[in-house]
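Colleague: Next up, upload22.cif (mmCIF, C-alpha atoms).
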```cif
data_structure
#
loop_
_atom_site.label_atom_id
_atom_site.label_comp_id
_atom_site.auth_asym_id
_atom_site.auth_seq_id
_atom_site.Cartn_x
_atom_site.Cartn_y
_atom_site.Cartn_z
CA MET A 1 16.86 23.92 -11.82
CA LYS A 2 13.11 24.33 -11.56
CA ILE A 3 12.75 24.78 -15.30
CA PHE A 4 14.46 21.40 -15.87
CA GLU A 5 12.04 19.78 -13.45
CA GLN A 6 9.18 21.34 -15.37
CA LEU A 7 10.60 19.92 -18.59
CA ASN A 8 10.82 16.40 -17.19
CA ILE A 9 7.35 15.59 -18.42
CA PRO A 10 7.06 11.90 -17.48
CA GLN A 11 8.01 12.77 -13.90
CA GLN A 12 5.56 15.67 -13.79
CA CYS A 13 2.75 13.44 -15.05
CA ARG A 14 3.54 10.72 -12.51
CA LYS A 15 3.32 13.33 -9.79
CA TYR A 16 -0.23 14.15 -10.81
CA GLY A 17 -1.11 10.51 -11.17
CA VAL A 18 -3.08 10.96 -14.40
CA SER A 19 -2.62 9.44 -17.84
CA ILE A 20 -0.39 11.26 -20.33
CA TRP A 21 -3.31 12.71 -22.31
CA GLN A 22 -4.71 14.35 -19.19
CA CYS A 23 -1.38 15.59 -17.96
CA PRO A 24 -1.09 19.41 -18.04
CA SER A 25 2.65 19.56 -18.80
CA PHE A 26 2.33 17.17 -21.70
CA LEU A 27 -0.72 18.98 -23.08
CA PHE A 28 1.15 22.27 -22.76
CA LEU A 29 3.98 20.92 -24.87
CA ILE A 30 1.65 19.51 -27.53
CA MET A 31 -0.34 22.76 -27.68
CA GLY A 32 2.84 24.79 -27.96
CA MET A 33 4.03 22.71 -30.89
CA LEU A 34 0.61 22.93 -32.50
CA ILE A 35 0.58 26.72 -32.21
CA ALA A 36 4.06 27.06 -33.69
CA LEU A 37 3.10 24.73 -36.51
CA THR A 38 -0.11 26.61 -37.27
CA ALA A 39 1.72 29.93 -37.20
CA ILE A 40 4.23 28.69 -39.78
CA LEU A 41 1.51 27.05 -41.85
CA SER A 42 -0.72 30.12 -41.91
CA TYR A 43 2.30 32.18 -42.95
CA PHE A 44 2.93 29.96 -45.97
CA VAL A 45 -0.75 29.68 -46.89
CA GLY A 46 -1.07 33.44 -46.45
CA THR A 47 1.89 34.32 -48.65
CA LYS A 48 0.61 32.04 -51.36
CA PHE A 49 -2.87 33.55 -51.61
CA ILE A 50 -2.46 37.09 -50.31
CA GLU A 51 -0.19 39.68 -51.85
CA GLU A 52 -0.18 42.25 -49.04
CA PRO A 53 2.43 41.19 -46.42
CA ARG A 54 0.76 43.24 -43.68
CA ILE A 55 -2.47 41.26 -44.02
CA VAL A 56 -0.49 37.99 -43.95
CA ALA A 57 1.21 39.09 -40.75
CA LEU A 58 -2.16 40.08 -39.28
CA ILE A 59 -3.76 36.74 -40.15
CA VAL A 60 -0.82 34.82 -38.69
CA LEU A 61 -1.04 36.92 -35.56
CA ILE A 62 -4.79 36.46 -35.13
CA VAL A 63 -4.68 32.70 -35.73
CA THR A 64 -1.82 32.33 -33.26
CA ALA A 65 -3.54 34.49 -30.66
CA ILE A 66 -6.82 32.57 -30.88
CA LEU A 67 -5.02 29.26 -30.62
CA PHE A 68 -2.95 30.50 -27.71
CA ILE A 69 -6.03 31.58 -25.77
CA LEU A 70 -7.76 28.26 -26.47
CA ALA A 71 -4.68 26.29 -25.47
CA THR A 72 -4.27 28.23 -22.23
CA LEU A 73 -7.91 27.61 -21.34
CA ILE A 74 -7.67 23.88 -22.05
CA VAL A 75 -4.37 23.39 -20.25
CA ASN A 76 -5.62 25.42 -17.28
CA SER A 77 -8.73 23.35 -16.83
CA PHE A 78 -6.72 20.13 -17.05
CA GLU A 79 -4.26 21.55 -14.55
CA LYS A 80 -7.15 22.20 -12.15
CA LEU A 81 -8.53 18.69 -12.68
CA ALA A 82 -5.13 17.13 -12.13
CA GLN A 83 -4.62 19.17 -8.98
CA ALA A 84 -8.04 18.19 -7.62
CA ASN A 85 -7.18 14.57 -8.31
CA LYS A 86 -3.88 14.92 -6.49
CA MET A 87 -5.51 16.67 -3.52
CA LYS A 88 -8.10 13.92 -3.25
CA SER A 89 -5.36 11.30 -3.05
CA GLU A 90 -3.47 13.35 -0.46
CA PHE A 91 -6.63 13.77 1.56
CA ILE A 92 -7.24 10.02 1.61
CA ASN A 93 -3.64 9.50 2.60
CA ILE A 94 -3.72 11.93 5.52
CA ALA A 95 -7.15 10.84 6.73
CA SER A 96 -6.18 7.19 6.64
CA HIS A 97 -2.96 7.76 8.51
CA HIS A 98 -4.76 9.58 11.27
CA LEU A 99 -7.31 6.80 11.52
CA ARG A 100 -4.65 4.14 11.71
CA ALA A 101 -3.11 5.16 15.02
CA PRO A 102 -6.33 5.03 17.06
CA LEU A 103 -7.28 1.75 15.39
CA SER A 104 -4.00 0.10 16.39
CA ASN A 105 -4.54 1.29 19.96
CA LEU A 106 -8.05 -0.10 19.93
CA ILE A 107 -7.10 -3.49 18.51
CA TRP A 108 -4.14 -3.98 20.83
CA ALA A 109 -6.16 -2.99 23.90
CA LEU A 110 -8.83 -5.49 22.82
CA GLU A 111 -6.28 -8.24 22.33
CA PHE A 112 -4.95 -7.55 25.79
CA LEU A 113 -8.44 -7.82 27.30
CA MET A 114 -9.15 -10.98 25.31
CA SER A 115 -5.90 -12.61 26.40
CA GLY A 116 -7.34 -12.89 29.91
CA ARG A 117 -4.23 -11.37 31.46
CA LEU A 118 -6.35 -8.75 33.21
CA GLY A 119 -8.70 -11.34 34.64
CA ARG A 120 -10.94 -14.06 33.34
CA ILE A 121 -13.72 -13.14 30.96
CA SER A 122 -16.84 -15.16 30.32
CA GLU A 123 -17.61 -16.92 27.03
CA ASN A 124 -20.42 -14.48 26.35
CA GLN A 125 -18.19 -11.47 26.93
CA LEU A 126 -15.55 -13.00 24.71
CA GLU A 127 -18.06 -13.23 21.86
CA TYR A 128 -18.58 -9.48 22.08
CA PHE A 129 -14.87 -8.78 22.22
CA LYS A 130 -14.51 -10.87 19.07
CA ILE A 131 -17.15 -8.77 17.34
CA LEU A 132 -15.30 -5.60 18.34
CA LYS A 133 -12.02 -6.99 17.11
CA GLU A 134 -13.35 -8.31 13.82
CA ASN A 135 -14.99 -5.01 13.02
CA SER A 136 -11.91 -3.02 13.96
CA GLU A 137 -9.87 -5.26 11.72
CA ARG A 138 -12.29 -4.68 8.88
CA MET A 139 -11.69 -0.96 9.23
CA GLN A 140 -7.96 -1.56 9.39
CA ASN A 141 -8.05 -3.55 6.15
CA LEU A 142 -10.11 -0.89 4.41
CA LEU A 143 -7.60 1.73 5.51
CA LYS A 144 -4.73 -0.38 4.27
CA ASP A 145 -6.42 -0.54 0.85
CA LEU A 146 -7.23 3.18 0.79
CA ILE A 147 -3.65 4.10 1.65
CA ILE A 148 -2.25 1.94 -1.11
CA VAL A 149 -4.78 3.34 -3.60
CA ALA A 150 -3.78 6.88 -2.63
CA LYS A 151 -0.15 5.91 -3.19
CA ILE A 152 -0.89 4.34 -6.57
CA GLU A 153 -2.78 7.44 -7.70
CA GLY A 154 -0.21 9.84 -6.29
CA GLY A 155 2.50 7.94 -8.13
CA SER A 156 4.35 7.32 -4.86
CA LEU A 157 3.92 3.59 -4.48
CA SER A 158 7.40 2.55 -3.44
CA PHE A 159 8.76 -0.70 -4.67
CA LYS A 160 11.35 -2.88 -3.04
CA GLU A 161 13.04 -5.15 -5.55
CA GLU A 162 13.98 -8.53 -4.22
CA GLU A 163 14.27 -12.07 -5.46
CA PHE A 164 11.93 -14.60 -3.88
CA SER A 165 10.12 -17.86 -4.45
CA LEU A 166 6.52 -17.42 -5.56
CA GLU A 167 5.83 -21.02 -4.60
CA GLU A 168 6.98 -20.52 -1.02
CA LEU A 169 4.96 -17.34 -0.69
CA THR A 170 1.86 -19.04 -2.11
CA ARG A 171 2.17 -21.95 0.34
CA GLU A 172 2.39 -19.47 3.22
CA ILE A 173 -0.74 -17.68 2.04
CA ILE A 174 -2.69 -20.91 1.49
CA GLN A 175 -1.90 -21.92 5.05
CA GLN A 176 -3.07 -18.56 6.28
CA PHE A 177 -6.38 -18.97 4.38
CA GLU A 178 -7.01 -22.52 5.58
CA SER A 179 -9.54 -21.71 8.27
CA PHE A 180 -11.37 -19.19 6.09
CA ALA A 181 -11.59 -21.77 3.26
CA LYS A 182 -12.84 -24.42 5.66
CA ALA A 183 -15.47 -22.11 7.08
CA SER A 184 -16.61 -21.34 3.51
CA ASN A 185 -16.79 -25.05 2.62
CA CYS A 186 -14.09 -24.59 0.03
CA GLU A 187 -11.17 -26.79 -0.89
CA ILE A 188 -7.87 -25.32 -2.10
CA GLU A 189 -5.69 -27.34 -4.47
CA PHE A 190 -2.17 -26.31 -5.38
CA PHE A 191 -0.26 -27.37 -8.50
CA THR A 192 3.29 -26.37 -9.21
CA GLU A 193 6.25 -27.31 -11.37
CA GLU A 194 9.58 -28.53 -10.13
CA ASN A 195 12.59 -26.23 -10.22
CA LEU A 196 10.59 -23.04 -10.63
CA PRO A 197 12.94 -20.06 -10.86
CA LYS A 198 12.68 -17.25 -8.34
CA ILE A 199 10.89 -14.11 -9.36
CA TYR A 200 11.70 -10.46 -9.07
CA GLY A 201 9.43 -8.00 -7.26
CA ASP A 202 8.24 -6.64 -3.94
CA ARG A 203 7.35 -9.65 -1.80
CA HIS A 204 5.06 -7.74 0.53
CA GLN A 205 3.09 -6.26 -2.37
CA ILE A 206 2.89 -9.52 -4.34
CA ARG A 207 1.57 -11.12 -1.17
CA GLN A 208 -1.26 -8.63 -1.23
CA VAL A 209 -2.03 -9.48 -4.88
CA ILE A 210 -2.28 -13.21 -4.17
CA GLU A 211 -4.28 -12.60 -0.99
CA ASN A 212 -6.77 -10.45 -2.89
CA LEU A 213 -7.20 -13.00 -5.68
CA LEU A 214 -7.51 -15.95 -3.33
CA ASP A 215 -9.88 -14.08 -1.03
CA ASN A 216 -12.16 -13.28 -3.99
CA ALA A 217 -12.04 -16.88 -5.23
CA ILE A 218 -13.12 -18.29 -1.86
CA ARG A 219 -15.53 -15.51 -0.96
CA TYR A 220 -17.46 -15.63 -4.22
CA THR A 221 -17.84 -19.39 -4.40
CA LYS A 222 -21.16 -20.41 -2.93
CA GLY A 223 -21.92 -23.92 -1.79
CA LYS A 224 -19.21 -26.53 -2.11
CA GLY A 225 -16.30 -24.86 -3.76
CA LYS A 226 -13.03 -25.82 -5.31
CA VAL A 227 -10.20 -23.36 -5.81
CA LYS A 228 -7.24 -24.44 -7.91
CA ILE A 229 -3.96 -22.56 -7.80
CA LYS A 230 -1.38 -23.22 -10.47
CA ILE A 231 2.15 -21.87 -10.90
CA LYS A 232 4.29 -22.58 -13.93
CA ARG A 233 7.16 -21.13 -15.89
CA ASP A 234 6.31 -19.20 -19.01
CA LYS A 235 9.49 -18.17 -20.86
CA LYS A 236 10.98 -15.21 -18.98
CA PHE A 237 8.04 -15.07 -16.58
CA VAL A 238 6.42 -17.11 -13.88
CA TYR A 239 2.71 -17.59 -14.46
CA PHE A 240 0.28 -17.75 -11.55
CA GLU A 241 -3.37 -18.64 -11.79
CA VAL A 242 -6.25 -19.10 -9.40
CA LYS A 243 -9.36 -20.82 -10.71
CA ASP A 244 -12.68 -21.09 -8.91
CA ASN A 245 -16.10 -22.56 -9.62
CA GLY A 246 -17.87 -19.57 -8.12
CA VAL A 247 -20.48 -17.08 -9.21
CA GLY A 248 -18.46 -15.70 -12.15
CA ILE A 249 -18.66 -12.24 -13.69
CA PRO A 250 -21.44 -11.28 -16.13
CA LYS A 251 -20.08 -10.62 -19.61
CA GLU A 252 -21.24 -7.01 -19.82
CA GLU A 253 -19.47 -6.17 -16.55
CA GLN A 254 -16.14 -7.77 -17.36
CA LYS A 255 -14.59 -4.65 -18.82
CA PHE A 256 -15.06 -2.78 -15.52
CA ILE A 257 -13.58 -5.44 -13.30
CA PHE A 258 -10.22 -3.73 -12.66
CA GLN A 259 -11.81 -0.35 -12.06
CA LYS A 260 -11.55 1.19 -8.64
CA PHE A 261 -14.65 0.68 -6.41
CA PHE A 262 -16.37 -1.46 -9.07
CA ARG A 263 -18.40 -4.35 -7.68
CA SER A 264 -20.14 -6.88 -9.84
CA SER A 265 -23.95 -7.01 -9.61
CA ASN A 266 -24.05 -10.77 -8.99
CA ILE A 267 -21.66 -10.37 -6.06
CA LEU A 268 -23.85 -7.72 -4.49
CA LYS A 269 -26.68 -10.28 -4.43
CA TYR A 270 -24.68 -12.26 -1.89
CA THR A 271 -22.80 -9.69 0.12
CA THR A 272 -22.44 -5.95 0.46
CA GLN A 273 -19.08 -6.27 2.20
CA GLY A 274 -15.96 -5.59 0.20
CA THR A 275 -14.66 -2.36 -1.21
CA GLY A 276 -14.05 -3.02 -4.88
CA LEU A 277 -10.40 -2.06 -4.42
CA GLY A 278 -8.71 -5.47 -4.41
CA LEU A 279 -8.42 -6.01 -8.15
CA PHE A 280 -7.56 -2.38 -8.83
CA ILE A 281 -4.65 -2.70 -6.39
CA ALA A 282 -3.64 -6.10 -7.80
CA LYS A 283 -3.47 -4.72 -11.33
CA ALA A 284 -1.42 -1.68 -10.30
CA ILE A 285 1.08 -3.79 -8.36
CA VAL A 286 1.50 -6.46 -11.06
CA GLU A 287 1.98 -3.89 -13.79
CA ARG A 288 4.38 -1.90 -11.63
CA SER A 289 6.36 -5.13 -11.18
CA GLY A 290 6.73 -5.62 -14.92
CA GLY A 291 4.07 -8.34 -15.24
CA LYS A 292 0.63 -8.75 -16.75
CA ILE A 293 -2.72 -9.57 -15.19
CA GLY A 294 -5.96 -10.85 -16.68
CA PHE A 295 -8.90 -13.19 -16.29
CA THR A 296 -11.53 -15.31 -17.99
CA SER A 297 -14.94 -15.76 -16.47
CA GLN A 298 -18.34 -17.23 -17.16
CA GLU A 299 -21.35 -16.25 -15.11
CA GLY A 300 -22.47 -19.10 -12.90
CA ARG A 301 -19.49 -21.28 -13.83
CA GLY A 302 -16.54 -19.52 -12.22
CA SER A 303 -13.56 -17.30 -12.90
CA THR A 304 -9.86 -17.74 -13.54
CA PHE A 305 -7.57 -14.88 -12.61
CA TRP A 306 -3.93 -14.99 -13.65
CA PHE A 307 -0.82 -12.84 -13.52
CA THR A 308 2.79 -13.09 -14.63
CA LEU A 309 5.94 -11.77 -12.97
CA PRO A 310 9.41 -11.43 -14.48
CA ILE A 311 12.09 -13.93 -13.51
CA LYS A 312 14.95 -11.48 -13.73
CA LYS A 313 15.40 -7.97 -14.95
CA MET B 314 14.36 -6.83 36.63
CA LYS B 315 14.94 -5.77 33.03
CA LYS B 316 14.05 -2.22 32.10
CA ILE B 317 12.28 -1.17 28.92
CA LEU B 318 11.96 2.45 27.84
CA PHE B 319 8.86 3.14 25.74
CA ILE B 320 8.97 6.41 23.80
CA GLU B 321 5.43 6.92 22.48
CA ASP B 322 3.02 9.85 22.62
CA GLU B 323 -0.18 7.78 22.52
CA SER B 324 -1.26 7.35 26.13
CA ALA B 325 -3.54 4.43 25.22
CA LEU B 326 -0.56 2.46 24.01
CA GLN B 327 1.54 3.51 26.99
CA LYS B 328 -1.06 2.07 29.33
CA THR B 329 -1.52 -1.18 27.38
CA PHE B 330 2.22 -1.81 27.18
CA LYS B 331 2.82 -0.87 30.80
CA ASP B 332 0.19 -3.32 32.01
CA ILE B 333 1.17 -6.18 29.74
CA LEU B 334 4.94 -5.86 30.12
CA GLU B 335 4.78 -5.49 33.89
CA LYS B 336 2.73 -8.67 34.01
CA GLU B 337 5.50 -10.29 31.99
CA GLY B 338 7.94 -9.22 34.67
CA TYR B 339 9.61 -6.19 33.13
CA GLU B 340 9.83 -2.63 34.30
CA LEU B 341 8.43 -0.11 31.84
CA ILE B 342 9.55 3.51 31.77
CA SER B 343 7.22 5.77 29.79
CA ALA B 344 8.32 8.81 27.82
CA PHE B 345 5.70 10.78 25.89
CA ASP B 346 8.02 12.82 23.67
CA GLY B 347 11.42 12.55 22.01
CA GLU B 348 13.25 14.95 24.30
CA THR B 349 12.15 13.22 27.51
CA GLY B 350 12.85 9.86 25.90
CA LEU B 351 16.46 10.81 25.23
CA GLU B 352 16.92 12.06 28.79
CA SER B 353 15.44 8.88 30.28
CA ALA B 354 17.65 6.72 28.07
CA LYS B 355 20.75 8.47 29.46
CA THR B 356 19.74 8.52 33.12
CA GLN B 357 17.91 5.18 33.42
CA LYS B 358 20.06 3.07 31.03
CA PRO B 359 17.27 0.67 29.95
CA ASP B 360 17.96 -2.79 28.47
CA LEU B 361 15.72 -2.10 25.48
CA ILE B 362 14.08 0.92 23.86
CA LEU B 363 10.75 0.84 22.05
CA LEU B 364 10.55 3.89 19.84
CA ASP B 365 7.71 5.51 17.91
CA LEU B 366 8.73 7.70 14.95
CA ILE B 367 6.11 10.44 14.90
CA LEU B 368 6.72 12.20 18.20
CA PRO B 369 6.45 15.71 19.62
CA ARG B 370 9.68 17.53 20.57
CA LYS B 371 12.23 15.60 18.45
CA ASN B 372 10.93 12.93 16.12
CA GLY B 373 11.95 9.29 16.33
CA PHE B 374 14.67 9.54 13.69
CA GLU B 375 16.40 12.34 15.59
CA VAL B 376 16.09 10.41 18.83
CA LEU B 377 17.55 7.29 17.19
CA GLU B 378 20.46 9.24 15.74
CA LYS B 379 21.29 10.85 19.09
CA LEU B 380 20.97 7.53 20.93
CA LYS B 381 23.42 5.84 18.58
CA LYS B 382 25.93 8.70 18.79
CA ASP B 383 26.01 8.78 22.58
CA GLU B 384 28.56 6.47 24.25
CA VAL B 385 26.17 5.76 27.14
CA THR B 386 23.21 4.68 25.03
CA LYS B 387 24.64 3.41 21.75
CA GLU B 388 24.67 -0.28 22.75
CA ILE B 389 21.02 -0.36 23.78
CA PRO B 390 18.91 -2.22 21.18
CA VAL B 391 16.10 -0.14 19.70
CA ILE B 392 12.85 -1.57 18.32
CA VAL B 393 11.02 0.94 16.14
CA LEU B 394 7.25 0.66 16.53
CA THR B 395 5.40 2.91 14.12
CA ASN B 396 2.70 3.30 11.52
CA LEU B 397 5.09 4.65 8.89
CA GLU B 398 5.51 1.84 6.40
CA ASP B 399 7.20 3.43 3.40
CA ILE B 400 10.52 1.89 2.43
CA GLU B 401 12.38 5.18 2.86
CA SER B 402 11.47 5.29 6.57
CA VAL B 403 12.35 1.63 7.10
CA GLU B 404 15.72 2.01 5.40
CA LYS B 405 16.50 5.24 7.22
CA ALA B 406 15.73 3.75 10.63
CA ILE B 407 17.79 0.61 9.98
CA GLU B 408 20.65 2.73 8.68
CA LEU B 409 20.52 4.84 11.83
CA GLY B 410 20.92 1.69 13.89
CA ALA B 411 17.47 0.34 14.76
CA THR B 412 17.55 -3.39 15.58
CA THR B 413 14.02 -4.17 14.43
CA TYR B 414 11.35 -2.22 12.56
CA LEU B 415 7.72 -3.06 13.28
CA VAL B 416 4.70 -1.52 11.54
CA LYS B 417 1.93 -1.39 14.13
CA ALA B 418 -0.91 -2.37 11.81
CA GLN B 419 0.94 -5.49 10.65
CA TYR B 420 1.43 -7.15 14.03
CA SER B 421 -0.79 -8.40 16.79
CA LEU B 422 -0.01 -7.36 20.36
CA GLU B 423 1.13 -10.90 21.13
CA GLU B 424 3.62 -10.84 18.24
CA VAL B 425 5.07 -7.53 19.41
CA ILE B 426 5.49 -8.85 22.95
CA GLN B 427 7.28 -11.93 21.58
CA LYS B 428 9.67 -9.68 19.62
CA VAL B 429 10.36 -7.64 22.76
CA LYS B 430 11.08 -10.79 24.76
CA LYS B 431 13.36 -12.11 22.05
CA ALA B 432 15.29 -8.88 21.84
CA LEU B 433 15.83 -8.90 25.60
CA GLU B 434 17.11 -12.48 25.58
CA GLU B 435 19.76 -11.74 22.98
#
```
So that I can check it, write out the structure of this file as structure tokens.

Modeller:
Amino acid sequence: MKIFEQLNIPQQCRKYGVSIWQCPSFLFLIMGMLIALTAILSYFVGTKFIEEPRIVALIVLIVTAILFILATLIVNSFEKLAQANKMKSEFINIASHHLRAPLSNLIWALEFLMSGRLGRISENQLEYFKILKENSERMQNLLKDLIIVAKIEGGSLSFKEEEFSLEELTREIIQQFESFAKASNCEIEFFTEENLPKIYGDRHQIRQVIENLLDNAIRYTKGKGKVKIKIKRDKKFVYFEVKDNGVGIPKEEQKFIFQKFFRSSNILKYTTQGTGLGLFIAKAIVERSGGKIGFTSQEGRGSTFWFTLPIKK
Amino acid sequence: MKKILFIEDESALQKTFKDILEKEGYELISAFDGETGLESAKTQKPDLILLDLILPRKNGFEVLEKLKKDEVTKEIPVIVLTNLEDIESVEKAIELGATTYLVKAQYSLEEVIQKVKKALEE
């Protein structure tokens, strides 16, 4: 049975979480075919130019041996790389899980103290409890992102398929962002079409995509801001877009924007908070859901991020 | 007074829940591992069980399975309270008979208490 598993190359590559051209099993197959091909080729070339069959056999043997050694070396080093990559993801996963439990304990204990059920606390004390809670929640959010990144890279991001209304979900999220938008002096406008069909995907994960995009739009709009959200039908997809008049992304940095841990230089002028994971996660989730994601942006004028999700499979 | 059994190995959480639920007028029985939790469920017959999944001496899934197989305990509603959030775990717990599945990091303490209250009213 194990040999069949080994032969299931797409599955093997997913397990390592690397692209096909870095995947040891795939490289092994390609190299094997290359060696066989070269062996046959050198046989034919040999017989054409050399009379002595023993020398032909020797040449074929030497060429094959050299190629085999080279191939083994290459595949081995890729195997090591892929394994290191996998171990890194597993490490993040384990570390984050062990950090999560104490953080939940901490946050819940704080909430209990802040609720006043154990006795009244002064305004001044409450301010400090709020600081503790906000910072604990920041850690919790970072962990949430790290865990999902580890899952994406380990190829184990599970995916619950359900039908739901993107419009309803968006309204929920806008409501949830209301106070943050207000505090940032930002106005959210929402445009939608009538009779939008339901979409197909993992509601919880799509929520995270929209939250990440909306959070960026509000966070990176300085001064009086306007964020416009638009949903419309686009053939077999539903199209979602969030447009801001914020700081924008410099042209030369645009190609890196979906890379893990990448943070734009003009954002770093304003804030050092943020992990550079949000868009990486958004892209992985949208693509996993059978949709597309993209953006247009002009430095100093604002950005528009969009994604599509399939209506039905 | 309604009785709640809390099977959870984190003593910090045990204390928080004991304090808050007793102030809400419930009696909280603490069990710090799966084995003890099962025993307490049989002897104390609580009205509700709060169950963690990663536990010493019998994990939460085993506890849930045994609870639902036992005539004495099978009617008691079980709220799973855990940090495992993969779909496989959620589906497995629901299949085994959990009433509600809550991921700790996704809920505030207040929300969890409301869910507990609701489950006890039903």

Colleague: I want to know what sits within 6 Å of segment 403-416 of chain B, based on all atoms listed in the file, with residues of the same chain fewer than 5 positions away left out; could you give that as a list of chain:residue names?

Modeller: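 In the requested form, the answer reads B:Glu378, B:Pro390, B:Val391, B:Ile392, B:Val393, B:Leu394, B:Thr395, B:Asn396.
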
Colleague: Can you tell me, as a CSV table (one decimal) with C-alpha atoms, in the frame of the given file, what residues are no more than 12 Å from Met33 of chain A when counting all atoms listed in the file, ignoring any on the same chain fewer than 4 positions away?

Modeller:
```csv
chain,number,residue,atom,x,y,z
A,26,PHE,CA,2.3,17.2,-21.7
A,27,LEU,CA,-0.7,19.0,-23.1
A,28,PHE,CA,1.2,22.3,-22.8
A,29,LEU,CA,4.0,20.9,-24.9
A,37,LEU,CA,3.1,24.7,-36.5
A,38,THR,CA,-0.1,26.6,-37.3
A,39,ALA,CA,1.7,29.9,-37.2
A,40,ILE,CA,4.2,28.7,-39.8
A,64,THR,CA,-1.8,32.3,-33.3
A,67,LEU,CA,-5.0,29.3,-30.6
A,68,PHE,CA,-3.0,30.5,-27.7
A,71,ALA,CA,-4.7,26.3,-25.5
```

Colleague: From the set B:Ile400, B:Ala354, B:Ile342, B:Val429, which residue has the shortest atom-to-atom contact distance to Lys381 of chain B, counting all atoms listed in the file?

Modeller: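 Distance minimum relative to Lys381 of chain B lands on B:Ala354.
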
Colleague: Quick check: residues of chain B within 12 Å of chain A, only C-alpha atoms, returned as a PyMOL selection string.

Modeller: chain B and resi 321-337+365+367+394-404+416-426

Colleague: Keeping only C-alpha atoms, write those residues as an mmCIF file, in the coordinates of the input.

Modeller:
```cif
data_model
loop_
_atom_site.group_PDB
_atom_site.id
_atom_site.type_symbol
_atom_site.label_atom_id
_atom_site.label_comp_id
_atom_site.auth_asym_id
_atom_site.auth_seq_id
_atom_site.Cartn_x
_atom_site.Cartn_y
_atom_site.Cartn_z
ATOM 1 C CA GLU B 321 5.430 6.920 22.480
ATOM 2 C CA ASP B 322 3.020 9.850 22.620
ATOM 3 C CA GLU B 323 -0.180 7.780 22.520
ATOM 4 C CA SER B 324 -1.260 7.350 26.130
ATOM 5 C CA ALA B 325 -3.540 4.430 25.220
ATOM 6 C CA LEU B 326 -0.560 2.460 24.010
ATOM 7 C CA GLN B 327 1.540 3.510 26.990
ATOM 8 C CA LYS B 328 -1.060 2.070 29.330
ATOM 9 C CA THR B 329 -1.520 -1.180 27.380
ATOM 10 C CA PHE B 330 2.220 -1.810 27.180
ATOM 11 C CA LYS B 331 2.820 -0.870 30.800
ATOM 12 C CA ASP B 332 0.190 -3.320 32.010
ATOM 13 C CA ILE B 333 1.170 -6.180 29.740
ATOM 14 C CA LEU B 334 4.940 -5.860 30.120
ATOM 15 C CA GLU B 335 4.780 -5.490 33.890
ATOM 16 C CA LYS B 336 2.730 -8.670 34.010
ATOM 17 C CA GLU B 337 5.500 -10.290 31.990
ATOM 18 C CA ASP B 365 7.710 5.510 17.910
ATOM 19 C CA ILE B 367 6.110 10.440 14.900
ATOM 20 C CA LEU B 394 7.250 0.660 16.530
ATOM 21 C CA THR B 395 5.400 2.910 14.120
ATOM 22 C CA ASN B 396 2.700 3.300 11.520
ATOM 23 C CA LEU B 397 5.090 4.650 8.890
ATOM 24 C CA GLU B 398 5.510 1.840 6.400
ATOM 25 C CA ASP B 399 7.200 3.430 3.400
ATOM 26 C CA ILE B 400 10.520 1.890 2.430
ATOM 27 C CA GLU B 401 12.380 5.180 2.860
ATOM 28 C CA SER B 402 11.470 5.290 6.570
ATOM 29 C CA VAL B 403 12.350 1.630 7.100
ATOM 30 C CA GLU B 404 15.720 2.010 5.400
ATOM 31 C CA VAL B 416 4.700 -1.520 11.540
ATOM 32 C CA LYS B 417 1.930 -1.390 14.130
ATOM 33 C CA ALA B 418 -0.910 -2.370 11.810
ATOM 34 C CA GLN B 419 0.940 -5.490 10.650
ATOM 35 C CA TYR B 420 1.430 -7.150 14.030
ATOM 36 C CA SER B 421 -0.790 -8.400 16.790
ATOM 37 C CA LEU B 422 -0.010 -7.360 20.360
ATOM 38 C CA GLU B 423 1.130 -10.900 21.130
ATOM 39 C CA GLU B 424 3.620 -10.840 18.240
ATOM 40 C CA VAL B 425 5.070 -7.530 19.410
ATOM 41 C CA ILE B 426 5.490 -8.850 22.950
#
```

Colleague: Could you give me the axis-aligned bounding box of segment 334-347 of chain B, with 6 Å of padding per side, as centre plus edge lengths in Å to one decimal, as lines of an AutoDock Vina configuration file?

Modeller:
```
center_x = 7.1
center_y = 1.3
center_z = 28.3
size_x = 20.7
size_y = 35.1
size_z = 24.7
```
